[in-house]
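Worksheet: the structure to be examined is printed underneath.
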Amino acid sequence: MKRTDCFRVFSLLTASLCFFSCGLDTEDFVETPESVHTVNYTNADPTQQYFSFVTTEHYSDSEFVFEGTEVYYKIYSNASSMVRVEQNIDTLSETQQATSLIDSYGYKTLKLSSGDTPTPLITATGHNRHVYIRLTDLISSSNSDYIASICVTSSAISKCDTSAILGYPRRFVNYRYGFNFTQNSDNPRPSSSDNDFSGSSSASTYYVDVYAVAVGRNSSSSTRSYSKVLRLGSLSINPSDFS
């Protein structure tokens with residue numbers, strides 16, 4: 001082999017080693033949560049209007065910390081606008097989905113009714129768990145099975161488990177505001193000034209779009225990594241049901 005050829009091979013090997021070991025940022029992989037029950041806004045059965053998924057707990061080590069699973073939502077007054085966003089998100093690459101959902105489309109994190117909401121909402125514990133989310137009460141029933149709640153359990157549930165309630169779901173704009181629109185002063189209609197809402201505050205029906213995203217961070221740079229988003233579904237809310 002000629003001297004110049006040897007030099008080229010050496011240079012390529014050196015460059016390759018530097019790429020992998022000289023501190024260039026790489027993206028940490030975070031697994032997507034697994035869907036258990038989704039609902040579409042066209043579903044008229046109130047007992048089925050809940051979301052559930054399984055967390056995919058990830059490793060944590062000296063270089064990467066798995067933080068947990070965040071739940072993002074946005075309220076719309078127009079179903080077509082919501083569906084267009086869903087379609088746009090589906091066309092994006094896995095690494096673009098979460099940041100576009102948050103930065104471009106303005107989805108907000110779901111909160112709890114009192115106290116400090118964990119960050120992420122479902123914090124890491126090292127083992128997979130089932131998460132059940134119901135945003136609205138079933139007004140026609142006094143049964144606690146159908147109250148608005150967020151429950152965390154070891155196996156799948158289709159109704160609220162009062163012994164496993166993490167908290168009661170509240171909007172990002174105010175820790176008191178729930179999704180039983182116009183039921184009372186703690187459940188007002190979305191306003192055009194609310195940053196979790198897009199559309200008209202005088203709509204007859206509102207639509208809530210919900211996603212789950214696993215979250216981690218690089219230990220040294222604190223750079224956040226997001227999983228591919230899991231669309232949990234969408235819910236239609238008619239204020240006349242609560243007035």
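Naming scheme: A, B, ... for chains in displayed order of the structure tokens; residues 1 onward per chain; ligands 1 onward as shown.
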Would you please extract all strand (DSSP E or B) residues from range 17-206 of chain A, as assigned by DSSP on the backbone, and give them as a ChimeraX atom specification?
/A:34-37,39,51-54,64-76,108-109,111-112,122-123,130-134,149-153,165-167,169-170,197-198,206
Please run DSSP on the backbone and report, as a ChimeraX atom specification, all residues within chain A that come out as alpha helix (DSSP H).
/A:3-21,79-91,94-99
Which residues are close to Thr153 in chain A, i.e. within 9 Å by only C-alpha atoms, leaving aside same-chain residues fewer than 5 positions away? Reply as an MDAnalysis selection string.
chainID A and resid 129:132 161 164:165
So which one's closest to Lys159 in chain A, A:Thr123, A:Ser192, A:Thr38, A:Thr47? Using only C-alpha atoms, please.
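The answer is A:Thr47, which sits nearest to Lys159 in chain A.
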Using only C-alpha atoms, can you tell me which of A:Tyr177, A:Tyr206, A:Tyr107, A:Tyr50 comes closest to Glu70 in chain A?
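Of the candidates, the smallest distance to Glu70 in chain A is held by A:Tyr107.
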Residues near range 86-92 of chain A, anyone? I mean within 10 Å using only C-alpha atoms, not counting same-chain ones fewer than 6 positions away, as a PDB file with N, CA, C and O atoms, in the first residue's frame.
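Output below, filename around.pdb:
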```pdb
ATOM      1  N   SER A  80     -62.349  19.598  12.828  1.00  0.00           N
ATOM      2  CA  SER A  80     -61.519  19.508  11.623  1.00  0.00           C
ATOM      3  C   SER A  80     -60.120  20.056  11.875  1.00  0.00           C
ATOM      4  O   SER A  80     -59.123  19.500  11.390  1.00  0.00           O
ATOM      5  N   ALA A  98     -42.695  15.149  19.238  1.00  0.00           N
ATOM      6  CA  ALA A  98     -42.964  15.756  20.542  1.00  0.00           C
ATOM      7  C   ALA A  98     -42.667  17.252  20.546  1.00  0.00           C
ATOM      8  O   ALA A  98     -43.467  18.049  21.059  1.00  0.00           O
ATOM      9  N   SER A 100     -42.647  19.304  18.042  1.00  0.00           N
ATOM     10  CA  SER A 100     -43.652  19.998  17.231  1.00  0.00           C
ATOM     11  C   SER A 100     -44.974  20.100  17.978  1.00  0.00           C
ATOM     12  O   SER A 100     -45.643  21.130  17.930  1.00  0.00           O
ATOM     13  N   LEU A 101     -45.348  19.032  18.654  1.00  0.00           N
ATOM     14  CA  LEU A 101     -46.585  19.032  19.444  1.00  0.00           C
ATOM     15  C   LEU A 101     -46.565  20.158  20.473  1.00  0.00           C
ATOM     16  O   LEU A 101     -47.553  20.883  20.651  1.00  0.00           O
ATOM     17  N   TYR A 105     -47.514  23.434  17.918  1.00  0.00           N
ATOM     18  CA  TYR A 105     -48.964  23.335  18.037  1.00  0.00           C
ATOM     19  C   TYR A 105     -49.497  23.719  19.416  1.00  0.00           C
ATOM     20  O   TYR A 105     -50.710  23.763  19.617  1.00  0.00           O
ATOM     21  N   ASP A 209     -57.826  16.890  22.547  1.00  0.00           N
ATOM     22  CA  ASP A 209     -56.909  15.948  21.923  1.00  0.00           C
ATOM     23  C   ASP A 209     -55.799  15.626  22.930  1.00  0.00           C
ATOM     24  O   ASP A 209     -55.223  16.548  23.528  1.00  0.00           O
ATOM     25  N   LYS A 228     -41.337   8.844  20.667  1.00  0.00           N
ATOM     26  CA  LYS A 228     -42.391   9.063  19.682  1.00  0.00           C
ATOM     27  C   LYS A 228     -43.683   9.259  20.458  1.00  0.00           C
ATOM     28  O   LYS A 228     -43.914   8.611  21.475  1.00  0.00           O
ATOM     29  N   VAL A 229     -44.537  10.164  20.003  1.00  0.00           N
ATOM     30  CA  VAL A 229     -45.758  10.438  20.755  1.00  0.00           C
ATOM     31  C   VAL A 229     -46.759   9.297  20.593  1.00  0.00           C
ATOM     32  O   VAL A 229     -46.797   8.632  19.557  1.00  0.00           O
ATOM     33  N   ARG A 231     -50.720   8.878  20.575  1.00  0.00           N
ATOM     34  CA  ARG A 231     -51.998   9.587  20.616  1.00  0.00           C
ATOM     35  C   ARG A 231     -53.001   8.730  21.384  1.00  0.00           C
ATOM     36  O   ARG A 231     -53.337   7.622  20.989  1.00  0.00           O
ATOM     37  N   GLY A 233     -56.084   9.722  21.995  1.00  0.00           N
ATOM     38  CA  GLY A 233     -57.408   9.888  21.416  1.00  0.00           C
ATOM     39  C   GLY A 233     -57.940  11.295  21.614  1.00  0.00           C
ATOM     40  O   GLY A 233     -57.191  12.213  21.983  1.00  0.00           O
TER      41      GLY A 233
END
```
In Å and to one decimal, CA of Ala148 in chain A is distant from CA of Thr99 in chain A by 28.0 Å
Separating CA of Val54 in chain A from CA of Asn143 in chain A, to the nearest tenth of an Å, is a gap of 25.3 Å
Practice item. Work out how far CA of Gln96 in chain A is from CA of Pro118 in chain A, in Å to one decimal. Key: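 So the answer is 24.5 Å.
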query: Closest to Asp194 in chain A among A:Tyr41, A:Phe51, A:Tyr76, A:Phe242, using only C-alpha atoms?
result: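 So, comparing all the options, the nearest one is A:Tyr76.
Excluding Met82 in chain A itself and same-chain residues fewer than 6 positions from it, the residues having an atom within 9 Å of it are Lys74, Ile75, Tyr76, Tyr207, Val208, Asp209 and Ser234 of chain A, counting only C-alpha atoms.
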Name all residues at most 10 Å from Ile139 in chain A (count only C-alpha atoms; drop same-chain ones fewer than 5 positions away) and give them as a PDB file with N, CA, C and O atoms, in the first residue's frame.
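Printed below is selection-v3.pdb as written:
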```pdb
ATOM      1  N   PRO A  46     -70.652   7.350  26.944  1.00  0.00           N
ATOM      2  CA  PRO A  46     -69.898   8.067  27.982  1.00  0.00           C
ATOM      3  C   PRO A  46     -69.055   7.171  28.875  1.00  0.00           C
ATOM      4  O   PRO A  46     -68.053   7.617  29.436  1.00  0.00           O
ATOM      5  N   TYR A 146     -67.143   6.603  37.576  1.00  0.00           N
ATOM      6  CA  TYR A 146     -67.068   7.457  36.390  1.00  0.00           C
ATOM      7  C   TYR A 146     -66.770   8.919  36.718  1.00  0.00           C
ATOM      8  O   TYR A 146     -67.198   9.813  36.013  1.00  0.00           O
ATOM      9  N   ILE A 147     -66.027   9.151  37.765  1.00  0.00           N
ATOM     10  CA  ILE A 147     -65.632  10.522  38.070  1.00  0.00           C
ATOM     11  C   ILE A 147     -64.364  10.869  37.297  1.00  0.00           C
ATOM     12  O   ILE A 147     -63.577   9.998  36.933  1.00  0.00           O
ATOM     13  N   ASN A 180     -65.293  19.811  32.990  1.00  0.00           N
ATOM     14  CA  ASN A 180     -66.760  19.761  33.004  1.00  0.00           C
ATOM     15  C   ASN A 180     -67.287  21.154  32.656  1.00  0.00           C
ATOM     16  O   ASN A 180     -67.859  21.848  33.494  1.00  0.00           O
ATOM     17  N   GLN A 183     -70.056  23.691  34.298  1.00  0.00           N
ATOM     18  CA  GLN A 183     -70.708  23.102  35.468  1.00  0.00           C
ATOM     19  C   GLN A 183     -70.738  24.105  36.619  1.00  0.00           C
ATOM     20  O   GLN A 183     -71.727  24.240  37.324  1.00  0.00           O
ATOM     21  N   ASP A 241     -74.288  19.402  28.728  1.00  0.00           N
ATOM     22  CA  ASP A 241     -74.359  18.227  29.614  1.00  0.00           C
ATOM     23  C   ASP A 241     -74.091  18.604  31.074  1.00  0.00           C
ATOM     24  O   ASP A 241     -74.431  17.846  31.985  1.00  0.00           O
ATOM     25  N   PHE A 242     -73.439  19.755  31.287  1.00  0.00           N
ATOM     26  CA  PHE A 242     -73.031  20.128  32.645  1.00  0.00           C
ATOM     27  C   PHE A 242     -73.749  21.360  33.179  1.00  0.00           C
ATOM     28  O   PHE A 242     -73.533  21.759  34.314  1.00  0.00           O
TER      29      PHE A 242
END
```
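Here the question is which of A:Gly167, A:Thr119, A:Val85, A:Gln49 gets nearest to Ser104 in chain A using only C-alpha atoms, and that residue is A:Val85.
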